[in-house]
file work02.tsv (TSV, C-alpha atoms)
chain	number	residue	atom	x	y	z
A	263	MET	CA	27.80	7.73	12.42
A	264	SER	CA	28.33	5.49	15.38
A	265	SER	CA	26.16	2.59	16.49
A	266	SER	CA	26.53	0.32	19.50
A	267	VAL	CA	24.10	-2.24	18.09
A	268	SER	CA	24.42	-3.85	14.70
A	269	LYS	CA	21.29	-3.58	12.54
A	270	ARG	CA	20.06	-5.75	9.70
A	271	ILE	CA	19.35	-3.60	6.66
A	272	SER	CA	17.67	-4.70	3.43
A	273	ILE	CA	17.97	-2.35	0.45
A	274	ILE	CA	15.21	-2.91	-2.13
A	275	SER	CA	16.24	-1.75	-5.59
A	276	ASN	CA	15.94	-2.73	-9.23
A	277	GLN	CA	19.29	-1.07	-9.91
A	278	GLN	CA	22.58	-1.38	-8.05
A	279	GLY	CA	23.89	2.08	-8.90
A	280	ILE	CA	26.14	4.50	-7.04
A	281	VAL	CA	23.61	5.27	-4.28
A	282	VAL	CA	22.81	1.63	-3.49
A	283	ARG	CA	26.46	0.56	-3.51
A	284	GLY	CA	27.42	3.60	-1.46
A	285	LEU	CA	24.77	2.94	1.19
A	286	LYS	CA	25.75	-0.71	1.44
A	287	ARG	CA	29.42	0.12	1.87
A	288	ARG	CA	28.80	2.89	4.43
A	289	PHE	CA	26.40	0.84	6.57
A	290	GLU	CA	28.79	-2.12	6.52
A	291	GLU	CA	31.64	0.12	7.65
A	292	GLU	CA	29.53	0.91	10.72
A	293	GLY	CA	29.11	-2.79	11.48
A	294	HIS	CA	25.60	-3.31	10.10
A	295	ALA	CA	24.59	-6.36	8.03
A	296	VAL	CA	23.35	-5.25	4.60
A	297	ARG	CA	21.76	-7.14	1.73
A	298	ILE	CA	20.30	-5.93	-1.56
A	299	LEU	CA	16.94	-7.28	-2.68
A	300	PRO	CA	15.21	-7.00	-6.05
A	301	GLN	CA	11.98	-4.99	-6.03
A	302	LYS	CA	9.82	-8.10	-5.71
A	303	ALA	CA	7.17	-8.60	-3.06
A	304	SER	CA	7.99	-12.31	-2.67
A	305	ASP	CA	11.65	-11.55	-1.84
A	306	VAL	CA	10.69	-8.83	0.63
A	307	ARG	CA	8.19	-11.09	2.38
A	308	GLU	CA	10.90	-13.68	3.07
A	309	CYS	CA	13.07	-11.06	4.79
A	310	THR	CA	10.59	-9.29	7.11
A	311	LYS	CA	11.51	-11.36	10.16
A	312	ASP	CA	15.24	-10.68	9.98
A	313	THR	CA	15.31	-7.04	8.83
A	314	ASP	CA	15.47	-4.03	11.15
A	315	LEU	CA	15.21	-1.48	8.35
A	316	PHE	CA	14.09	-1.65	4.74
A	317	ILE	CA	15.33	1.03	2.34
A	318	MET	CA	13.41	1.08	-0.94
A	319	ASN	CA	15.25	2.83	-3.76
A	320	LEU	CA	12.64	3.53	-6.45
A	321	ASP	CA	13.32	4.04	-10.14
A	322	ASP	CA	13.00	7.61	-11.41
A	323	GLU	CA	9.76	6.86	-13.30
A	324	PRO	CA	8.12	3.80	-11.72
A	325	GLY	CA	4.74	4.72	-13.25
A	326	LYS	CA	5.99	3.76	-16.72
A	327	ASN	CA	5.52	0.12	-15.78
A	328	PRO	CA	2.12	-0.77	-14.20
A	329	HIS	CA	3.53	-4.06	-12.93
A	330	GLU	CA	6.21	-2.14	-11.04
A	331	LEU	CA	3.53	-0.08	-9.27
A	332	ILE	CA	1.74	-3.29	-8.30
A	333	GLU	CA	4.97	-4.67	-6.81
A	334	ILE	CA	5.47	-1.41	-4.90
A	335	PHE	CA	1.89	-1.64	-3.58
A	336	GLN	CA	2.45	-5.22	-2.45
A	337	ILE	CA	5.76	-4.37	-0.78
A	338	GLY	CA	4.04	-1.57	1.15
A	339	GLU	CA	1.35	-3.99	2.33
A	340	ILE	CA	3.90	-6.61	3.41
A	341	ILE	CA	6.12	-4.20	5.33
A	342	SER	CA	3.14	-2.53	7.02
A	343	GLU	CA	1.66	-5.87	8.13
A	344	ALA	CA	5.04	-7.04	9.44
A	345	GLU	CA	5.52	-3.72	11.29
A	346	ASN	CA	8.98	-3.24	9.79
A	347	LYS	CA	10.66	0.13	9.46
A	348	LEU	CA	10.94	1.52	5.95
A	349	VAL	CA	12.49	4.56	4.26
A	350	ILE	CA	11.82	5.34	0.59
A	351	ILE	CA	14.36	6.98	-1.71
A	352	ALA	CA	12.82	8.44	-4.87
A	353	ALA	CA	12.84	11.21	-7.44
A	354	LYS	CA	10.74	14.05	-6.05
A	355	ASN	CA	8.58	14.32	-9.17
A	356	SER	CA	7.49	10.68	-8.94
A	357	ALA	CA	6.43	10.70	-5.27
A	358	ASP	CA	2.81	11.77	-5.78
A	359	GLU	CA	2.22	9.09	-8.40
A	360	VAL	CA	3.68	6.35	-6.20
A	361	LYS	CA	1.72	7.51	-3.13
A	362	ALA	CA	-1.50	7.50	-5.18
A	363	ALA	CA	-0.86	3.93	-6.31
A	364	ALA	CA	0.39	2.74	-2.90
A	365	PRO	CA	-1.04	5.07	-0.20
A	366	LEU	CA	0.40	3.00	2.65
A	367	LEU	CA	3.81	4.35	1.68
A	368	SER	CA	2.67	7.86	2.62
A	369	ASP	CA	3.04	6.84	6.27
A	370	TYR	CA	6.80	6.27	5.94
A	371	PRO	CA	9.76	8.69	5.65
A	372	TRP	CA	10.80	9.75	2.14
A	373	GLU	CA	14.19	10.94	0.99
A	374	PHE	CA	14.54	12.59	-2.41
A	375	ARG	CA	17.47	12.35	-4.76
A	376	PRO	CA	20.22	13.47	-4.87
A	377	VAL	CA	21.13	11.53	-1.72
A	378	ILE	CA	24.29	12.36	0.20
A	379	ILE	CA	25.41	9.02	1.58
A	380	GLU	CA	27.00	10.22	4.81
A	381	GLU	CA	24.06	12.47	5.71
A	382	PHE	CA	21.51	9.78	4.91
A	383	CYS	CA	23.24	7.15	7.06
A	384	GLN	CA	23.58	9.60	9.93
A	385	LYS	CA	19.87	10.44	9.70
A	386	MET	CA	18.99	6.75	9.89
A	387	GLN	CA	21.08	6.43	13.02
A	388	ASP	CA	19.61	9.54	14.65
A	389	SER	CA	15.96	8.89	13.83
A	390	VAL	CA	14.92	5.54	12.37
A	391	PHE	CA	17.17	3.26	14.43
A	392	SER	CA	16.41	5.03	17.68
A	393	ASP	CA	12.73	5.88	17.19
A	394	ASN	CA	10.56	3.22	18.77
A	395	SER	CA	7.61	5.54	19.30
A	396	ALA	CA	6.86	5.70	15.58
A	397	GLU	CA	6.09	2.00	15.36
A	398	LYS	CA	2.38	1.36	14.86
A	399	SER	CA	0.80	-2.03	15.28
A	400	GLN	CA	-1.45	-3.30	12.50
A	401	THR	CA	-2.21	-6.56	14.30
A	402	GLY	CA	-5.78	-7.72	14.00
A	403	LYS	CA	-6.91	-5.03	11.57
A	404	LYS	CA	-9.25	-6.00	8.78
A	405	LYS	CA	-7.80	-5.42	5.31
A	406	ILE	CA	-9.78	-3.24	2.91
A	407	LEU	CA	-8.88	-2.57	-0.72
A	408	ILE	CA	-10.31	0.57	-2.35
A	409	ILE	CA	-10.60	0.42	-6.14
A	410	ASP	CA	-11.42	3.84	-7.58
A	411	ASP	CA	-10.09	5.74	-10.60
A	412	ASP	CA	-10.25	9.02	-8.66
A	413	PRO	CA	-7.05	8.98	-6.52
A	414	GLN	CA	-8.09	12.03	-4.50
A	415	PHE	CA	-11.40	10.48	-3.46
A	416	ALA	CA	-9.74	7.15	-2.69
A	417	LYS	CA	-7.07	8.91	-0.61
A	418	MET	CA	-9.77	10.74	1.35
A	419	ILE	CA	-11.61	7.48	2.13
A	420	ARG	CA	-8.35	5.85	3.17
A	421	GLU	CA	-7.56	8.75	5.52
A	422	TRP	CA	-11.00	8.36	7.09
A	423	ILE	CA	-10.64	4.66	7.90
A	424	LYS	CA	-6.89	3.91	8.10
A	425	ASP	CA	-6.79	4.12	11.91
A	426	THR	CA	-9.33	1.31	12.16
A	427	TYR	CA	-8.46	-0.79	9.10
A	428	SER	CA	-5.42	-1.71	7.03
A	429	VAL	CA	-6.21	0.05	3.77
A	430	GLY	CA	-4.81	-0.20	0.26
A	431	VAL	CA	-5.78	1.74	-2.85
A	432	LEU	CA	-5.66	0.94	-6.57
A	433	THR	CA	-6.99	3.06	-9.41
A	434	SER	CA	-7.43	0.24	-11.95
A	435	GLY	CA	-9.73	-2.76	-11.74
A	436	MET	CA	-7.35	-5.00	-13.66
A	437	GLN	CA	-4.44	-4.03	-11.40
A	438	ALA	CA	-6.63	-5.10	-8.51
A	439	ILE	CA	-7.36	-8.50	-10.06
A	440	THR	CA	-3.63	-9.10	-10.43
A	441	LEU	CA	-2.96	-8.01	-6.87
A	442	LEU	CA	-5.76	-10.05	-5.34
A	443	THR	CA	-4.53	-13.30	-6.82
A	444	LYS	CA	-1.51	-12.98	-4.49
A	445	ASN	CA	-2.87	-10.96	-1.56
A	446	LYS	CA	-6.00	-11.69	0.47
A	447	VAL	CA	-8.23	-8.84	1.68
A	448	ASP	CA	-11.33	-8.84	3.88
A	449	LEU	CA	-13.38	-6.35	1.86
A	450	ILE	CA	-13.30	-4.50	-1.45
A	451	LEU	CA	-14.76	-1.01	-1.85
A	452	LEU	CA	-15.33	-0.86	-5.61
A	453	ASP	CA	-16.13	2.23	-7.68
A	454	TYR	CA	-19.21	1.47	-9.79
A	455	GLU	CA	-18.25	3.79	-12.66
A	456	MET	CA	-14.68	3.54	-13.96
A	457	PRO	CA	-13.19	3.90	-17.46
A	458	VAL	CA	-11.98	0.95	-19.55
A	459	VAL	CA	-13.05	-1.78	-17.09
A	460	ASP	CA	-15.92	-0.56	-14.93
A	461	GLY	CA	-17.04	-1.72	-11.48
A	462	PRO	CA	-19.63	-4.27	-12.65
A	463	GLN	CA	-17.06	-5.88	-14.97
A	464	VAL	CA	-14.50	-6.11	-12.17
A	465	PHE	CA	-17.19	-7.53	-9.89
A	466	GLN	CA	-18.10	-10.22	-12.44
A	467	ILE	CA	-14.43	-11.18	-12.87
A	468	LEU	CA	-14.07	-11.51	-9.11
A	469	LYS	CA	-17.19	-13.65	-8.75
A	470	SER	CA	-16.15	-15.95	-11.59
A	471	ASP	CA	-12.83	-16.74	-9.93
A	472	PRO	CA	-12.99	-19.70	-7.48
A	473	VAL	CA	-10.46	-18.06	-5.15
A	474	LEU	CA	-11.62	-14.44	-5.29
A	475	LYS	CA	-15.38	-14.94	-5.32
A	476	SER	CA	-15.57	-15.20	-1.53
A	477	ILE	CA	-14.24	-11.65	-0.99
A	478	PRO	CA	-17.09	-9.32	0.06
A	479	VAL	CA	-17.61	-6.39	-2.32
A	480	VAL	CA	-19.34	-3.09	-1.60
A	481	PHE	CA	-19.93	-0.67	-4.47
A	482	LEU	CA	-19.05	3.02	-4.21
A	483	THR	CA	-21.54	5.05	-6.24
A	484	GLY	CA	-22.12	8.73	-6.81
A	485	VAL	CA	-25.78	8.40	-7.80
A	486	ALA	CA	-28.61	7.89	-5.33
A	487	ASP	CA	-31.78	7.72	-7.44
A	488	LYS	CA	-33.90	4.59	-7.12
A	489	GLU	CA	-33.21	3.33	-10.63
A	490	SER	CA	-29.44	3.59	-10.23
A	491	VAL	CA	-29.45	1.91	-6.81
A	492	THR	CA	-31.64	-0.90	-8.16
A	493	ARG	CA	-29.16	-1.41	-11.01
A	494	VAL	CA	-26.26	-1.61	-8.55
A	495	MET	CA	-27.99	-4.05	-6.19
A	496	ALA	CA	-29.14	-6.27	-9.06
A	497	LEU	CA	-25.56	-7.55	-9.22
A	498	HIS	CA	-25.92	-8.82	-5.63
A	499	PRO	CA	-22.90	-7.16	-3.99
A	500	ASN	CA	-22.63	-7.11	-0.21
A	501	GLY	CA	-23.90	-3.54	-0.25
A	502	TYR	CA	-23.34	-0.05	-1.60
A	503	ILE	CA	-22.08	3.25	-0.19
A	504	LEU	CA	-22.89	6.68	-1.59
A	505	LYS	CA	-19.81	8.77	-2.31
A	506	SER	CA	-21.50	11.64	-0.52
A	507	THR	CA	-21.37	9.76	2.80
A	508	THR	CA	-19.65	11.18	5.87
A	509	ARG	CA	-16.69	9.73	7.72
A	510	GLU	CA	-18.85	8.82	10.71
A	511	ASN	CA	-21.46	7.09	8.56
A	512	LEU	CA	-18.82	5.17	6.64
A	513	LEU	CA	-17.13	3.89	9.79
A	514	THR	CA	-20.48	2.86	11.25
A	515	TYR	CA	-21.43	1.12	8.00
A	516	LEU	CA	-18.17	-0.84	7.87
A	517	LYS	CA	-18.38	-1.83	11.53
A	518	ASP	CA	-21.94	-3.14	11.06
A	519	LEU	CA	-21.00	-4.92	7.83
A	520	PHE	CA	-18.06	-6.78	9.36
A	521	ARG	CA	-20.26	-7.75	12.28
A	522	LYS	CA	-22.77	-9.29	9.84
A	523	LEU	CA	-20.02	-11.03	7.88
A	524	SER	CA	-18.40	-12.60	10.94
call {"tool": "encode", "arguments": {"input": "work02.tsv", "output": "structure tokens"}}
result
Amino acid sequence: MSSSVSKRISIISNQQGIVVRGLKRRFEEEGHAVRILPQKASDVRECTKDTDLFIMNLDDEPGKNPHELIEIFQIGEIISEAENKLVIIAAKNSADEVKAAAPLLSDYPWEFRPVIIEEFCQKMQDSVFSDNSAEKSQTGKKKILIIDDDPQFAKMIREWIKDTYSVGVLTSGMQAITLLTKNKVDLILLDYEMPVVDGPQVFQILKSDPVLKSIPVVFLTGVADKESVTRVMALHPNGYILKSTTRENLLTYLKDLFRKLS
């Protein structure tokens, strides 16, 4: 690998094993500046302005720790907003779980273990460092958080609206509460019926918090009969959307809603 311009690389990892140490040594041999960061959103945020490439080395089973998935979600949000480049290294069998918890990461390149250091570094030089066309601006986009226990439905909704909005997904209401205390969003799309802590309970927690109560909330509901809709609207959300809606109707609804909220 040969590079005429030195790059600033930040490796995000909870462990400093063979792969992380090998990548650091190889990149430094090529004249790049490399630092290793813990997998903490606060540390990553401080480094977005002086990093040309983030490499996130995930644990083999990140889903074992819900707090780790929240950190991964937050890191994805931060890097996307800052328009930094990112490559994720992970175990192949954990990728689907991580992408369901942090869908923004689906937009970035993934490399699966085992990683051959020389080949990986060469690939970064050939593609990531030289590819300016892949950079996508998120500037000015409204931030929407989808909270739904059905990851497939949530992923579909995100795919529908991600070109217009900056979209995150969580499958647990309590994970969302934890996330929202540190990250501001412009709108929450909240599943009305969820196990353990359902939509109305999450809604009440949000509205009882002096910081979070100002976030607009729209319920996602699969039932359209008059009694069910009346029950949903009795909580006084900013609106409701039927899960049977179309992409076009959803985009129109969101556009009109943000116009009313502005």
call {"tool": "residues_around", "arguments": {"input": "work02.tsv", "residues": "range 267-279 of chain A", "least_positions_apart": "2", "cutoff": "9 Å", "atoms": "only C-alpha atoms", "output": "PDB file with C-alpha atoms, in the coordinates of the input"}}
result
ATOM      1  CA  SER A 265      26.160   2.590  16.490  1.00  0.00           C
ATOM      2  CA  VAL A 281      23.610   5.270  -4.280  1.00  0.00           C
ATOM      3  CA  VAL A 282      22.810   1.630  -3.490  1.00  0.00           C
ATOM      4  CA  ARG A 283      26.460   0.560  -3.510  1.00  0.00           C
ATOM      5  CA  GLY A 284      27.420   3.600  -1.460  1.00  0.00           C
ATOM      6  CA  LEU A 285      24.770   2.940   1.190  1.00  0.00           C
ATOM      7  CA  LYS A 286      25.750  -0.710   1.440  1.00  0.00           C
ATOM      8  CA  PHE A 289      26.400   0.840   6.570  1.00  0.00           C
ATOM      9  CA  GLU A 292      29.530   0.910  10.720  1.00  0.00           C
ATOM     10  CA  GLY A 293      29.110  -2.790  11.480  1.00  0.00           C
ATOM     11  CA  HIS A 294      25.600  -3.310  10.100  1.00  0.00           C
ATOM     12  CA  ALA A 295      24.590  -6.360   8.030  1.00  0.00           C
ATOM     13  CA  VAL A 296      23.350  -5.250   4.600  1.00  0.00           C
ATOM     14  CA  ARG A 297      21.760  -7.140   1.730  1.00  0.00           C
ATOM     15  CA  ILE A 298      20.300  -5.930  -1.560  1.00  0.00           C
ATOM     16  CA  LEU A 299      16.940  -7.280  -2.680  1.00  0.00           C
ATOM     17  CA  PRO A 300      15.210  -7.000  -6.050  1.00  0.00           C
ATOM     18  CA  GLN A 301      11.980  -4.990  -6.030  1.00  0.00           C
ATOM     19  CA  LYS A 302       9.820  -8.100  -5.710  1.00  0.00           C
ATOM     20  CA  VAL A 306      10.690  -8.830   0.630  1.00  0.00           C
ATOM     21  CA  CYS A 309      13.070 -11.060   4.790  1.00  0.00           C
ATOM     22  CA  ASP A 312      15.240 -10.680   9.980  1.00  0.00           C
ATOM     23  CA  THR A 313      15.310  -7.040   8.830  1.00  0.00           C
ATOM     24  CA  ASP A 314      15.470  -4.030  11.150  1.00  0.00           C
ATOM     25  CA  LEU A 315      15.210  -1.480   8.350  1.00  0.00           C
ATOM     26  CA  PHE A 316      14.090  -1.650   4.740  1.00  0.00           C
ATOM     27  CA  ILE A 317      15.330   1.030   2.340  1.00  0.00           C
ATOM     28  CA  MET A 318      13.410   1.080  -0.940  1.00  0.00           C
ATOM     29  CA  ASN A 319      15.250   2.830  -3.760  1.00  0.00           C
ATOM     30  CA  LEU A 320      12.640   3.530  -6.450  1.00  0.00           C
ATOM     31  CA  ASP A 321      13.320   4.040 -10.140  1.00  0.00           C
ATOM     32  CA  PHE A 391      17.170   3.260  14.430  1.00  0.00           C
TER      33      PHE A 391
END
call {"tool": "residues_around", "arguments": {"input": "work02.tsv", "residues": "Leu442 in chain A", "least_positions_apart": "6", "cutoff": "12 Å", "atoms": "all atoms listed in the file", "output": "JSON, numbers by chain"}}
result
{"A": [332, 335, 336, 405, 406, 407, 408, 409, 430, 432, 435, 436, 448, 449, 450, 464, 467, 468, 471, 473, 474, 475, 476, 477]}
call {"tool": "write_last_selection", "arguments": {"input": "work02.tsv", "atoms": "C-alpha atoms", "output": "PDB file, in the coordinates of the input"}}
result
ATOM      1  CA  ILE A 332       1.740  -3.290  -8.300  1.00  0.00           C
ATOM      2  CA  PHE A 335       1.890  -1.640  -3.580  1.00  0.00           C
ATOM      3  CA  GLN A 336       2.450  -5.220  -2.450  1.00  0.00           C
ATOM      4  CA  LYS A 405      -7.800  -5.420   5.310  1.00  0.00           C
ATOM      5  CA  ILE A 406      -9.780  -3.240   2.910  1.00  0.00           C
ATOM      6  CA  LEU A 407      -8.880  -2.570  -0.720  1.00  0.00           C
ATOM      7  CA  ILE A 408     -10.310   0.570  -2.350  1.00  0.00           C
ATOM      8  CA  ILE A 409     -10.600   0.420  -6.140  1.00  0.00           C
ATOM      9  CA  GLY A 430      -4.810  -0.200   0.260  1.00  0.00           C
ATOM     10  CA  LEU A 432      -5.660   0.940  -6.570  1.00  0.00           C
ATOM     11  CA  GLY A 435      -9.730  -2.760 -11.740  1.00  0.00           C
ATOM     12  CA  MET A 436      -7.350  -5.000 -13.660  1.00  0.00           C
ATOM     13  CA  ASP A 448     -11.330  -8.840   3.880  1.00  0.00           C
ATOM     14  CA  LEU A 449     -13.380  -6.350   1.860  1.00  0.00           C
ATOM     15  CA  ILE A 450     -13.300  -4.500  -1.450  1.00  0.00           C
ATOM     16  CA  VAL A 464     -14.500  -6.110 -12.170  1.00  0.00           C
ATOM     17  CA  ILE A 467     -14.430 -11.180 -12.870  1.00  0.00           C
ATOM     18  CA  LEU A 468     -14.070 -11.510  -9.110  1.00  0.00           C
ATOM     19  CA  ASP A 471     -12.830 -16.740  -9.930  1.00  0.00           C
ATOM     20  CA  VAL A 473     -10.460 -18.060  -5.150  1.00  0.00           C
ATOM     21  CA  LEU A 474     -11.620 -14.440  -5.290  1.00  0.00           C
ATOM     22  CA  LYS A 475     -15.380 -14.940  -5.320  1.00  0.00           C
ATOM     23  CA  SER A 476     -15.570 -15.200  -1.530  1.00  0.00           C
ATOM     24  CA  ILE A 477     -14.240 -11.650  -0.990  1.00  0.00           C
TER      25      ILE A 477
END
call {"tool": "residues_around", "arguments": {"input": "work02.tsv", "residues": "Ala364 in chain A", "least_positions_apart": "4", "cutoff": "10 Å", "atoms": "all atoms listed in the file", "output": "list in words"}}
result
Leu331, Ile332, Glu333, Ile334, Phe335, Gln336, Ile337, Gly338, Glu339, Asp358, Glu359, Val360, Ser368, Lys417, Val429, Gly430, Val431, Leu432 and Thr433 of chain A
call {"tool": "atom_distance", "arguments": {"input": "work02.tsv", "atom1": "CA of Tyr502 in chain A", "atom2": "CA of Thr483 in chain A"}}
result
7.1 Å
call {"tool": "closest_residue", "arguments": {"input": "work02.tsv", "among": "A:Gly484, A:Lys404, A:Lys469, A:Asp460", "to": "Phe520 in chain A", "atoms": "all atoms listed in the file"}}
result
A:Lys404
call {"tool": "closest_residue", "arguments": {"input": "work02.tsv", "among": "A:Asp410, A:Glu345, A:Glu421, A:Glu380", "to": "Arg509 in chain A", "atoms": "only C-alpha atoms"}}
result
A:Glu421
call {"tool": "closest_residue", "arguments": {"input": "work02.tsv", "among": "A:Ala438, A:Ile280, A:Ile340, A:Met456", "to": "Ile378 in chain A", "atoms": "all atoms listed in the file"}}
result
A:Ile280
call {"tool": "atom_distance", "arguments": {"input": "work02.tsv", "atom1": "CA of Leu497 in chain A", "atom2": "CA of Ile423 in chain A"}}
result
25.8 Å
call {"tool": "residues_near_point", "arguments": {"input": "work02.tsv", "point": "(-20.1, -2.5, 5.9)", "cutoff": "12 Å", "atoms": "only C-alpha atoms", "output": "JSON, numbers by chain"}}
result
{"A": [404, 406, 448, 449, 450, 451, 478, 479, 480, 481, 482, 499, 500, 501, 502, 503, 511, 512, 513, 514, 515, 516, 517, 518, 519, 520, 521, 522, 523, 524]}
call {"tool": "atom_distance", "arguments": {"input": "work02.tsv", "atom1": "CA of Gln463 in chain A", "atom2": "CA of Gln414 in chain A"}}
result
22.6 Å
call {"tool": "closest_residue", "arguments": {"input": "work02.tsv", "among": "A:Thr492, A:Thr310, A:Thr426, A:Gln466", "to": "Lys347 in chain A", "atoms": "all atoms listed in the file"}}
result
A:Thr310
call {"tool": "axis_aligned_box", "arguments": {"input": "work02.tsv", "around": "range 507-522 of chain A", "padding_each_side": "8 Å", "output": "JSON"}}
result
{"center_x": -19.7, "center_y": 0.9, "center_z": 7.5, "size_x": 22.1, "size_y": 36.5, "size_z": 25.5}
call {"tool": "closest_residue", "arguments": {"input": "work02.tsv", "among": "A:Asn346, A:Leu504, A:Thr443, A:Arg288", "to": "Glu381 in chain A", "atoms": "all atoms listed in the file"}}
result
A:Arg288
call {"tool": "decode", "arguments": {"input": "work02.tsv", "residues": "range 289-296 of chain A", "atoms": "all heavy atoms", "output": "CSV table (one decimal), in the first residue's frame"}}
result
chain,number,residue,atom,x,y,z
A,289,PHE,N,-0.9,0.8,9.3
A,289,PHE,CA,-1.3,2.1,8.8
A,289,PHE,C,-0.2,3.1,9.2
A,289,PHE,O,0.2,4.0,8.4
A,289,PHE,CB,-2.6,2.6,9.4
A,289,PHE,CG,-3.8,2.0,8.7
A,289,PHE,CD1,-4.8,1.4,9.4
A,289,PHE,CD2,-4.0,2.2,7.3
A,289,PHE,CE1,-5.9,0.9,8.7
A,289,PHE,CE2,-5.1,1.7,6.6
A,289,PHE,CZ,-6.1,1.1,7.3
A,290,GLU,N,0.4,3.0,10.3
A,290,GLU,CA,1.5,3.9,10.8
A,290,GLU,C,2.7,3.7,9.9
A,290,GLU,O,3.4,4.6,9.6
A,290,GLU,CB,1.8,3.7,12.2
A,290,GLU,CG,0.7,4.2,13.2
A,290,GLU,CD,1.0,4.0,14.6
A,290,GLU,OE1,1.8,3.0,14.9
A,290,GLU,OE2,0.4,4.7,15.5
A,291,GLU,N,3.0,2.5,9.5
A,291,GLU,CA,4.1,2.2,8.6
A,291,GLU,C,4.0,2.9,7.2
A,291,GLU,O,4.9,3.3,6.6
A,291,GLU,CB,4.3,0.7,8.3
A,291,GLU,CG,4.8,-0.1,9.5
A,291,GLU,CD,4.7,-1.6,9.3
A,291,GLU,OE1,4.2,-2.0,8.2
A,291,GLU,OE2,5.2,-2.3,10.1
A,292,GLU,N,2.7,3.2,6.9
A,292,GLU,CA,2.4,3.9,5.6
A,292,GLU,C,2.3,5.4,5.8
A,292,GLU,O,2.0,6.1,4.9
A,292,GLU,CB,1.1,3.4,5.0
A,292,GLU,CG,1.2,2.0,4.5
A,292,GLU,CD,2.2,1.8,3.4
A,292,GLU,OE1,2.3,2.7,2.6
A,292,GLU,OE2,2.8,0.7,3.3
A,293,GLY,N,2.6,5.9,7.0
A,293,GLY,CA,2.7,7.3,7.3
A,293,GLY,C,1.4,7.9,7.8
A,293,GLY,O,1.3,9.1,7.9
A,294,HIS,N,0.4,7.1,8.1
A,294,HIS,CA,-0.9,7.6,8.6
A,294,HIS,C,-0.8,7.8,10.1
A,294,HIS,O,-0.1,7.1,10.8
A,294,HIS,CB,-2.0,6.7,8.2
A,294,HIS,CG,-2.2,6.4,6.7
A,294,HIS,ND1,-2.4,7.5,5.9
A,294,HIS,CD2,-2.1,5.3,6.0
A,294,HIS,CE1,-2.5,7.0,4.6
A,294,HIS,NE2,-2.3,5.7,4.7
A,295,ALA,N,-1.6,8.7,10.6
A,295,ALA,CA,-1.7,8.9,12.0
A,295,ALA,C,-2.9,8.1,12.6
A,295,ALA,O,-4.0,8.2,12.1
A,295,ALA,CB,-2.0,10.4,12.3
A,296,VAL,N,-2.7,7.2,13.5
A,296,VAL,CA,-3.7,6.3,14.0
A,296,VAL,C,-3.8,6.4,15.5
A,296,VAL,O,-2.9,6.5,16.3
A,296,VAL,CB,-3.3,4.8,13.7
A,296,VAL,CG1,-4.4,3.9,14.1
A,296,VAL,CG2,-2.9,4.7,12.2
